[in-house]
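Novice: I have a structure here, written as structure tokens, and I will follow up with some questions on it.
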2 protein chains.
Amino acid sequence: MADVARLAGVSSQTVSRVSNGYAGVNEETRQQVLAAMRELGYRPNSAARALKRGEFRTIGVITFGLSTTGNVRTLEAIATSAAHEGYAVTLLPVAVPTQDEVRGAFSRLGELAVDAVIVILEVHLLDAMTLSLPPHIKVVVADSDAGDRYTVVDTDQAGGSRDAVRYLLDLGHDTVWHLAGPEESFAAQRRADAWRAELTGAGRAAPPPVRGDWSAESGYRAGLELAARPDCTAVFAANDQMALGLLRALHERGRHVPGDVSVIGFDDIPEAGSFLPPLTTVHQDFAEVGRRCVEGVLRQMGQDAPEHGTTLVPTRLVVRDSTAGPRRP
Amino acid sequence: MADVARLAGVSSQTVSRVSNGYAGVNEETRQQVLAAMRELGYRPNSAARALKRGEFRTIGVITFGLSTTGNVRTLEAIATSAAHEGYAVTLLPVAVPTQDEVRGAFSRLGELAVDAVIVILEVHLLDAMTLSLPPHIKVVVADSDAGDRYTVVDTDQAGGSRDAVRYLLDLGHDTVWHLAGPEESFAAQRRADAWRAELTGAGRAAPPPVRGDWSAESGYRAGLELAARPDCTAVFAANDQMALGLLRALHERGRHVPGDVSVIGFDDIPEAGSFLPPLTTVHQDFAEVGRRCVEGVLRQMGQDAPEHGTTLVPTRLVVRDSTAGPRRP
DNA sequence: CCATCAGATGTTTACGTAAACATAACAGGC
DNA sequence: GCCTGTTATGTTTACGTAAACATCTGATGG
């Protein structure tokens, strides 16, 4: 900066003003400074800036694995929104979802150049580490429940699930089976609860849910069980990957979809429309979730006190070819 | 830091020494300083550190969309390896893959707190922007060709493709059709070239390739074309998503897989084993690619001059149920 | 018994920037 | 003609850290 100032024949402060787009700089001077910057290939040093301004213009994102579609799409939206607001995004991967690992991520975070954090993690992993966060850092939690402690942004898991169940009931099925996600998952929990609530509300008996771990493979195994039950004519799978495995199992066992069994998934991954048959599923607006996370974080940065409360992003049922009315004898 | 020093009754320099794990500090003093740190909730300020040390311990990753499986898995591996080496990862998403967008990302990068960059992008988007990078920043390019200018880490696209084609030929097919990726993609190009080379090498005629855009939907459309050709008994799809669409098209047209048509994909996405039928595919070791990217970047940071040259990560053919010998009349 | 040296700690300084304050030049009003 | 206010620019300082250098203490050996 000093070099630029010297070359342009001005003070370093004027260079700073130009570099920050300050108003009160003579146009002629401004051009000279800009020319000097170009000539010397000047780049403002962001460390010095951060030091001086006391903020990094960076948001940290803690997430467990980028393996699940949802996390990735949310992350992408976060990165895009953040970039749009002039913020960078720093990634904090948590290798294994244990308390220790999460604690480690949070403590690394403590010495990281970050103004705020967005957490995409199951809440039960989050409990212990609240304290270890530097107090001025703002937090938003995605896809979890902690509305009493943090700002939370989440897909309307319950609404989407109820829509799915109701759609199947409206088609004439007596009841709807559920291929649930892993027990530890809050999202899985919510989807299962809503499924049960909707059935109960309609006066139907809820069959025992079958549990998977989100993977297509686990959906296949669960599907083999379900295929063996002739009274199973409709299944609500907690995500599309498991639905894929389910479709394979049903196919192998000669149960036709949607003739014999209707299947609905959750997420609407890009491939869902190319399954055999194309999958009816609950569309999640991950982009919106990401956007609102960034929004929440920025809003908090404008204030002094943290917020709490939950924002729900609505879902939409996408009807394709894996659902039909039951075959009546 | 000054507060900690005061409370512990030492100089700030000693605090710095403790905070950096320097050897020559009396154990007793050390404990006092640590106690003071705890009491005051001291966190080293990373901006000041970066300013003083002249490095950020951060790697930037420029990538177009996180939509494609490969990019994400590579990114994940990069983040994990980097964390392991004490580096953070900053994400620079490129919204639309145009020269302008990429140029924008690179210029944002210029003022970003980053020591090195890993670029996961098709090279043809990269050409113009070489200059705009601050000279001291190290670059590694993944999944692209620029071995003459940068360090490149890539999957052995050619090897994997040749394996796939040879496997199909060995099963007895006369030739292998190709469902190619988009023209602009370097990876697609390489896979197509290798496919053609292997066929030619075996003295077979290469049928005209059908082009998709990586999406399952495009694979479906291409599949409808291929299904109409009775002489098509084996297809090598440039990725698993397109293979999925292809399977659907073949199924709809009553062409049995693998009875009538054999299909091989590329990537080995987690769902590939749950396709109908489970997909034979070329496994890519994304984790290894990511690891080597980080390694390459760190190696360069130890040196003054940039490197160039290409590292290839081998692939592995995973045989499942979508391939078989041709049905001989 | 003193020179020498190693270990432990303190002092000074600089990293690059921008806020706060200071200065200079000039225009307009009385 | 002088005071006031505005605009453009310069000077000083502090952000939090760590390298370089300085100092102090006590031990060792000739």
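Labels used: A, B, ... for chains in the order of the structure tokens, numbers from 1 for residues in each chain, and numbers from 1 for ligands as shown.
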Return the neighbours of chain D among the residues of chain B, cut-off 9 Å, counting only C-alpha atoms (C1' of nucleotides), as a PyMOL selection string.
Specialist: chain B and resi 1+13+16-17+44-53
Novice: Excluding Pro277 of chain A and its own-chain neighbours fewer than 2 positions away, which residues fall within 10 Å of it when counting only C-alpha atoms (C1' of nucleotides)? Please give them as a PyMOL selection string.
Specialist: (chain A and resi 244+247+256-258+263+272-275+279-280+320-323) or (chain B and resi 248+251-252)
Novice: May I have the residues from that selection written out with all heavy atoms, as a compact mmCIF listing (two decimals), in the first residue's frame?
Specialist:
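Result written to selection.txt:
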# COMPACT_ATOMS: atom_id res chain seq x y z
N LEU A 244 -35.09 -45.88 -3.57
CA LEU A 244 -34.46 -46.57 -4.70
C LEU A 244 -34.20 -48.04 -4.37
O LEU A 244 -34.54 -48.94 -5.14
CB LEU A 244 -33.14 -45.87 -5.05
CG LEU A 244 -32.29 -46.54 -6.13
CD1 LEU A 244 -33.02 -46.51 -7.47
CD2 LEU A 244 -30.93 -45.86 -6.26
N LEU A 247 -37.43 -49.91 -4.28
CA LEU A 247 -37.94 -50.24 -5.61
C LEU A 247 -37.26 -51.49 -6.14
O LEU A 247 -37.90 -52.37 -6.73
CB LEU A 247 -37.68 -49.07 -6.58
CG LEU A 247 -38.50 -47.80 -6.36
CD1 LEU A 247 -38.09 -46.73 -7.38
CD2 LEU A 247 -39.99 -48.09 -6.47
N HIS A 256 -45.19 -55.34 -8.29
CA HIS A 256 -45.15 -54.28 -9.27
C HIS A 256 -45.41 -52.91 -8.64
O HIS A 256 -46.27 -52.79 -7.77
CB HIS A 256 -46.19 -54.55 -10.36
CG HIS A 256 -46.10 -53.60 -11.50
ND1 HIS A 256 -47.06 -52.66 -11.77
CD2 HIS A 256 -45.14 -53.44 -12.44
CE1 HIS A 256 -46.71 -51.96 -12.83
NE2 HIS A 256 -45.54 -52.40 -13.25
N VAL A 257 -44.62 -51.93 -9.05
CA VAL A 257 -44.84 -50.55 -8.60
C VAL A 257 -45.27 -49.73 -9.81
O VAL A 257 -44.58 -49.75 -10.84
CB VAL A 257 -43.54 -49.96 -8.01
CG1 VAL A 257 -43.76 -48.50 -7.61
CG2 VAL A 257 -43.07 -50.78 -6.82
N PRO A 258 -46.39 -49.02 -9.77
CA PRO A 258 -47.26 -48.83 -8.61
C PRO A 258 -48.45 -49.81 -8.57
O PRO A 258 -49.30 -49.65 -7.69
CB PRO A 258 -47.78 -47.42 -8.86
CG PRO A 258 -47.89 -47.32 -10.35
CD PRO A 258 -46.79 -48.18 -10.90
N VAL A 263 -45.10 -46.18 -3.89
CA VAL A 263 -43.93 -45.73 -3.12
C VAL A 263 -43.79 -44.21 -3.25
O VAL A 263 -43.90 -43.65 -4.34
CB VAL A 263 -42.64 -46.41 -3.63
CG1 VAL A 263 -41.42 -45.81 -2.93
CG2 VAL A 263 -42.70 -47.91 -3.42
N ALA A 272 -34.37 -38.75 -9.11
CA ALA A 272 -35.62 -39.40 -8.74
C ALA A 272 -36.54 -39.60 -9.94
O ALA A 272 -37.26 -40.60 -10.03
CB ALA A 272 -36.34 -38.59 -7.65
N GLY A 273 -36.48 -38.67 -10.88
CA GLY A 273 -37.33 -38.79 -12.06
C GLY A 273 -36.90 -39.88 -13.00
O GLY A 273 -37.61 -40.20 -13.96
N SER A 274 -35.73 -40.46 -12.76
CA SER A 274 -35.23 -41.51 -13.65
C SER A 274 -35.23 -42.87 -13.00
O SER A 274 -34.69 -43.83 -13.55
CB SER A 274 -33.81 -41.17 -14.11
OG SER A 274 -33.83 -39.99 -14.87
N PHE A 275 -35.81 -42.97 -11.82
CA PHE A 275 -35.93 -44.28 -11.21
C PHE A 275 -36.88 -45.13 -12.03
O PHE A 275 -37.57 -44.65 -12.92
CB PHE A 275 -36.47 -44.16 -9.77
CG PHE A 275 -35.48 -43.60 -8.79
CD1 PHE A 275 -34.21 -43.20 -9.18
CD2 PHE A 275 -35.82 -43.46 -7.45
CE1 PHE A 275 -33.30 -42.68 -8.27
CE2 PHE A 275 -34.93 -42.94 -6.53
CZ PHE A 275 -33.67 -42.54 -6.94
N LEU A 279 -40.02 -41.65 -9.55
CA LEU A 279 -40.49 -41.66 -8.17
C LEU A 279 -41.34 -40.45 -7.79
O LEU A 279 -40.94 -39.31 -8.00
CB LEU A 279 -39.27 -41.71 -7.24
CG LEU A 279 -39.50 -41.87 -5.74
CD1 LEU A 279 -40.03 -43.26 -5.42
CD2 LEU A 279 -38.22 -41.59 -4.98
N THR A 280 -42.50 -40.73 -7.23
CA THR A 280 -43.26 -39.67 -6.57
C THR A 280 -42.55 -39.36 -5.25
O THR A 280 -42.17 -40.27 -4.53
CB THR A 280 -44.69 -40.15 -6.26
OG1 THR A 280 -45.36 -40.41 -7.50
CG2 THR A 280 -45.46 -39.09 -5.49
N ARG A 320 -45.06 -38.48 -9.57
CA ARG A 320 -44.58 -39.12 -10.79
C ARG A 320 -45.28 -40.46 -10.93
O ARG A 320 -46.50 -40.54 -10.70
CB ARG A 320 -43.05 -39.25 -10.75
CG ARG A 320 -42.34 -37.90 -10.68
CD ARG A 320 -40.90 -37.97 -11.18
NE ARG A 320 -40.23 -36.66 -11.08
CZ ARG A 320 -39.54 -36.26 -10.01
NH1 ARG A 320 -39.38 -37.06 -8.97
NH2 ARG A 320 -38.96 -35.06 -10.00
N ASP A 321 -44.55 -41.51 -11.25
CA ASP A 321 -45.26 -42.75 -11.62
C ASP A 321 -45.20 -43.88 -10.60
O ASP A 321 -45.56 -45.01 -10.91
CB ASP A 321 -44.70 -43.28 -12.95
CG ASP A 321 -44.70 -42.21 -14.02
OD1 ASP A 321 -45.48 -41.25 -13.89
OD2 ASP A 321 -43.91 -42.33 -14.99
N SER A 322 -44.71 -43.61 -9.40
CA SER A 322 -44.57 -44.71 -8.45
C SER A 322 -45.77 -44.84 -7.51
O SER A 322 -45.73 -45.59 -6.55
CB SER A 322 -43.29 -44.52 -7.62
OG SER A 322 -43.39 -43.37 -6.82
N THR A 323 -46.83 -44.06 -7.80
CA THR A 323 -48.00 -44.11 -6.92
C THR A 323 -49.27 -44.32 -7.74
O THR A 323 -49.41 -43.78 -8.83
CB THR A 323 -48.14 -42.80 -6.13
OG1 THR A 323 -47.87 -41.69 -7.01
CG2 THR A 323 -47.16 -42.76 -4.98
N ARG B 248 -33.46 -46.93 -17.51
CA ARG B 248 -34.89 -46.71 -17.53
C ARG B 248 -35.42 -46.78 -18.97
O ARG B 248 -36.44 -47.42 -19.25
CB ARG B 248 -35.20 -45.34 -16.92
CG ARG B 248 -36.67 -45.02 -16.92
CD ARG B 248 -36.96 -43.70 -16.22
NE ARG B 248 -38.16 -43.10 -16.79
CZ ARG B 248 -38.29 -41.82 -17.09
NH1 ARG B 248 -37.30 -40.98 -16.89
NH2 ARG B 248 -39.42 -41.37 -17.60
N HIS B 251 -35.44 -50.32 -20.24
CA HIS B 251 -36.52 -51.05 -19.59
C HIS B 251 -37.86 -50.72 -20.25
O HIS B 251 -38.63 -51.61 -20.62
CB HIS B 251 -36.57 -50.70 -18.11
CG HIS B 251 -37.71 -51.33 -17.37
ND1 HIS B 251 -37.65 -52.61 -16.88
CD2 HIS B 251 -38.95 -50.86 -17.07
CE1 HIS B 251 -38.80 -52.91 -16.29
NE2 HIS B 251 -39.61 -51.85 -16.39
N GLU B 252 -38.09 -49.43 -20.45
CA GLU B 252 -39.37 -49.02 -21.04
C GLU B 252 -39.55 -49.59 -22.44
O GLU B 252 -40.66 -49.87 -22.87
CB GLU B 252 -39.44 -47.50 -21.12
CG GLU B 252 -39.80 -46.86 -19.79
CD GLU B 252 -40.02 -45.36 -19.95
OE1 GLU B 252 -40.00 -44.86 -21.10
OE2 GLU B 252 -40.19 -44.70 -18.90
Novice: Near segment 225-239 of chain B, counting only C-alpha atoms (C1' of nucleotides), which residues have an atom at most 6 Å away, once you skip same-chain residues fewer than 6 positions from it, shown as a ChimeraX atom specification?
Specialist: /B:176-181,250,261-267
Novice: Using only C-alpha atoms (C1' of nucleotides), I'd like every residue of chain C that has an atom within 8 Å of chain A; please write them out as an NGL selection string.
Specialist: :C and (16-18)
Novice: Can you tell me, as a PyMOL selection string, which residues in segment 58-289 of chain A count as strand (DSSP E or B) by DSSP?
Specialist: chain A and resi 58-64+88-94+116-120+138-142+151-155+177-180+210-211+234-237+262-267+280-283
Novice: Produce a table with one row for each residue of chain B that has an atom at most 8 Å from any atom of chain A, each row naming the nearest atom pair and its distance in Å at one decimal; use only C-alpha atoms; arrange rows by chain and rising residue number; format as a Markdown table.
Specialist:
| residue | atom | partner | partner_atom | distance |
| --- | --- | --- | --- | --- |
| B:Arg43 | CA | A:Glu111 | CA | 6.3 |
| B:Pro44 | CA | A:Glu111 | CA | 6.3 |
| B:Asn45 | CA | A:Glu111 | CA | 6.9 |
| B:Ser46 | CA | A:Ala113 | CA | 5.7 |
| B:Ala47 | CA | A:Ala47 | CA | 4.9 |
| B:Ala48 | CA | A:Leu51 | CA | 5.7 |
| B:Ala50 | CA | A:Ala47 | CA | 5.8 |
| B:Leu51 | CA | A:Ala47 | CA | 5.1 |
| B:Phe56 | CA | A:Ala47 | CA | 7.9 |
| B:Gly65 | CA | A:Glu76 | CA | 7.2 |
| B:Leu66 | CA | A:Glu76 | CA | 6.2 |
| B:Ser67 | CA | A:Arg73 | CA | 7.5 |
| B:Val72 | CA | A:Leu66 | CA | 6.9 |
| B:Arg73 | CA | A:Leu66 | CA | 7.2 |
| B:Glu76 | CA | A:Leu66 | CA | 6.2 |
| B:Ala79 | CA | A:Pro93 | CA | 6.4 |
| B:Thr80 | CA | A:Pro93 | CA | 6.3 |
| B:Ala83 | CA | A:Leu92 | CA | 7.7 |
| B:Ala88 | CA | A:Thr90 | CA | 6.8 |
| B:Val89 | CA | A:Leu91 | CA | 5.5 |
| B:Thr90 | CA | A:Thr90 | CA | 4.3 |
| B:Leu91 | CA | A:Val89 | CA | 5.5 |
| B:Leu92 | CA | A:Ala79 | CA | 7.3 |
| B:Pro93 | CA | A:Thr80 | CA | 6.3 |
| B:Ala95 | CA | A:Thr80 | CA | 7.2 |
| B:Gly110 | CA | A:Arg43 | CA | 6.8 |
| B:Glu111 | CA | A:Pro44 | CA | 6.2 |
| B:Leu112 | CA | A:Ser46 | CA | 6.3 |
| B:Ala113 | CA | A:Ser46 | CA | 5.7 |
| B:Pro134 | CA | A:Arg43 | CA | 8.0 |
| B:Ser215 | CA | A:Glu271 | CA | 7.8 |
| B:Ala216 | CA | A:Glu271 | CA | 5.9 |
| B:Glu217 | CA | A:Ser274 | CA | 6.5 |
| B:Tyr220 | CA | A:Ser274 | CA | 7.4 |
| B:Gln241 | CA | A:Glu271 | CA | 7.0 |
| B:Leu244 | CA | A:Ser274 | CA | 6.7 |
| B:Gly245 | CA | A:Ser274 | CA | 5.4 |
| B:Arg248 | CA | A:Leu276 | CA | 6.0 |
| B:Pro270 | CA | A:Ala216 | CA | 7.8 |
| B:Glu271 | CA | A:Ala216 | CA | 5.8 |
| B:Gly273 | CA | A:Glu217 | CA | 7.6 |
| B:Ser274 | CA | A:Gly245 | CA | 5.4 |
| B:Phe275 | CA | A:Arg248 | CA | 6.9 |
| B:Leu276 | CA | A:Arg248 | CA | 6.0 |
| B:Pro277 | CA | A:Arg248 | CA | 7.8 |
Novice: Just want the 8 Å neighbourhood of segment 188-191 of chain B, counted on only C-alpha atoms (C1' of nucleotides), with same-chain residues fewer than 3 positions away dropped. Output as JSON, numbers by chain.
Specialist: {"B": [157, 158, 161, 180, 181, 182, 183, 184, 185, 194, 195, 238]}
Novice: With only C-alpha atoms (C1' of nucleotides) as the counted atoms, please give the residues lying no more than 9 Å from Ala205 of chain A, apart from itself and same-chain residues fewer than 6 positions off, as a list in words.
Specialist: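 So the residues in contact are Asp174, Thr175, Val176, Arg196 and Leu199 of chain A.
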Novice: What separation in Å, quoted to one decimal, exists between atom CA of Thr151 of chain B and atom CA of His308 of chain B?
Specialist: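 Between atom CA of Thr151 of chain B and atom CA of His308 of chain B the gap works out to 4.2 Å.
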Novice: Near Ala35 of chain B, within 12 Å and counting only C-alpha atoms (C1' of nucleotides), which residues show up once chain neighbours fewer than 2 positions away are dropped, as a VMD selection string?
Specialist: chain B and resid 4 to 5 7 to 9 15 18 to 19 28 to 33 37 to 42
Novice: Kindly export the residues of the current selection with N, CA, C and O atoms, as an mmCIF file, in the first residue's frame.
Specialist:
data_model
loop_
_atom_site.group_PDB
_atom_site.id
_atom_site.type_symbol
_atom_site.label_atom_id
_atom_site.label_comp_id
_atom_site.auth_asym_id
_atom_site.auth_seq_id
_atom_site.Cartn_x
_atom_site.Cartn_y
_atom_site.Cartn_z
ATOM 1 N N VAL B 4 -4.167 -11.322 29.462
ATOM 2 C CA VAL B 4 -3.673 -12.610 29.938
ATOM 3 C C VAL B 4 -2.305 -12.417 30.565
ATOM 4 O O VAL B 4 -2.021 -12.915 31.659
ATOM 5 N N ALA B 5 -1.457 -11.665 29.880
ATOM 6 C CA ALA B 5 -0.101 -11.433 30.372
ATOM 7 C C ALA B 5 -0.144 -10.766 31.755
ATOM 8 O O ALA B 5 0.541 -11.189 32.688
ATOM 9 N N LEU B 7 -2.623 -10.739 33.946
ATOM 10 C CA LEU B 7 -3.170 -11.637 34.955
ATOM 11 C C LEU B 7 -2.156 -12.698 35.384
ATOM 12 O O LEU B 7 -2.046 -13.053 36.556
ATOM 13 N N ALA B 8 -1.398 -13.179 34.411
ATOM 14 C CA ALA B 8 -0.434 -14.229 34.727
ATOM 15 C C ALA B 8 0.867 -13.637 35.268
ATOM 16 O O ALA B 8 1.765 -14.360 35.692
ATOM 17 N N GLY B 9 0.978 -12.340 35.209
ATOM 18 C CA GLY B 9 2.170 -11.690 35.699
ATOM 19 C C GLY B 9 3.391 -11.941 34.829
ATOM 20 O O GLY B 9 4.519 -12.045 35.321
ATOM 21 N N VAL B 15 3.219 -15.139 26.814
ATOM 22 C CA VAL B 15 1.900 -15.665 26.469
ATOM 23 C C VAL B 15 1.938 -16.221 25.047
ATOM 24 O O VAL B 15 1.461 -17.323 24.774
ATOM 25 N N VAL B 18 3.669 -19.522 24.971
ATOM 26 C CA VAL B 18 2.822 -20.608 25.471
ATOM 27 C C VAL B 18 1.775 -20.978 24.416
ATOM 28 O O VAL B 18 1.566 -22.141 24.091
ATOM 29 N N SER B 19 1.168 -19.955 23.881
ATOM 30 C CA SER B 19 0.085 -20.178 22.930
ATOM 31 C C SER B 19 0.571 -20.914 21.690
ATOM 32 O O SER B 19 -0.187 -21.619 21.022
ATOM 33 N N GLU B 28 6.121 -24.146 35.283
ATOM 34 C CA GLU B 28 5.295 -23.427 36.256
ATOM 35 C C GLU B 28 4.640 -22.187 35.617
ATOM 36 O O GLU B 28 3.439 -21.953 35.717
ATOM 37 N N THR B 29 5.486 -21.417 34.917
ATOM 38 C CA THR B 29 4.990 -20.237 34.215
ATOM 39 C C THR B 29 3.904 -20.627 33.212
ATOM 40 O O THR B 29 2.860 -19.992 33.121
ATOM 41 N N ARG B 30 4.224 -21.684 32.505
ATOM 42 C CA ARG B 30 3.307 -22.172 31.486
ATOM 43 C C ARG B 30 1.913 -22.405 32.083
ATOM 44 O O ARG B 30 0.900 -21.987 31.514
ATOM 45 N N GLN B 31 1.897 -23.096 33.211
ATOM 46 C CA GLN B 31 0.611 -23.395 33.837
ATOM 47 C C GLN B 31 -0.121 -22.129 34.242
ATOM 48 O O GLN B 31 -1.335 -22.013 34.058
ATOM 49 N N GLN B 32 0.637 -21.171 34.773
ATOM 50 C CA GLN B 32 0.009 -19.907 35.155
ATOM 51 C C GLN B 32 -0.639 -19.234 33.947
ATOM 52 O O GLN B 32 -1.763 -18.744 34.017
ATOM 53 N N VAL B 33 0.115 -19.221 32.854
ATOM 54 C CA VAL B 33 -0.400 -18.574 31.649
ATOM 55 C C VAL B 33 -1.651 -19.302 31.161
ATOM 56 O O VAL B 33 -2.666 -18.686 30.836
ATOM 57 N N MET B 37 -5.337 -17.838 30.628
ATOM 58 C CA MET B 37 -6.046 -17.947 29.355
ATOM 59 C C MET B 37 -7.452 -18.479 29.583
ATOM 60 O O MET B 37 -8.428 -17.959 29.069
ATOM 61 N N ARG B 38 -7.510 -19.539 30.351
ATOM 62 C CA ARG B 38 -8.813 -20.153 30.613
ATOM 63 C C ARG B 38 -9.734 -19.164 31.302
ATOM 64 O O ARG B 38 -10.878 -18.985 30.908
ATOM 65 N N GLU B 39 -9.198 -18.532 32.324
ATOM 66 C CA GLU B 39 -10.037 -17.627 33.098
ATOM 67 C C GLU B 39 -10.605 -16.507 32.238
ATOM 68 O O GLU B 39 -11.768 -16.135 32.372
ATOM 69 N N LEU B 40 -9.794 -15.987 31.335
ATOM 70 C CA LEU B 40 -10.251 -14.868 30.521
ATOM 71 C C LEU B 40 -10.903 -15.322 29.215
ATOM 72 O O LEU B 40 -11.356 -14.509 28.426
ATOM 73 N N GLY B 41 -10.911 -16.614 29.001
ATOM 74 C CA GLY B 41 -11.486 -17.113 27.749
ATOM 75 C C GLY B 41 -10.717 -16.616 26.537
ATOM 76 O O GLY B 41 -11.287 -16.269 25.516
ATOM 77 N N TYR B 42 -9.423 -16.581 26.673
ATOM 78 C CA TYR B 42 -8.590 -16.051 25.583
ATOM 79 C C TYR B 42 -8.599 -16.935 24.341
ATOM 80 O O TYR B 42 -8.498 -18.158 24.431
#
Novice: Among segment 75-194 of chain A, which ones does DSSP place in alpha helix (DSSP H), written as an MDAnalysis selection string?
Specialist: chainID A and resid 75:84 99:110 157:170 186:194
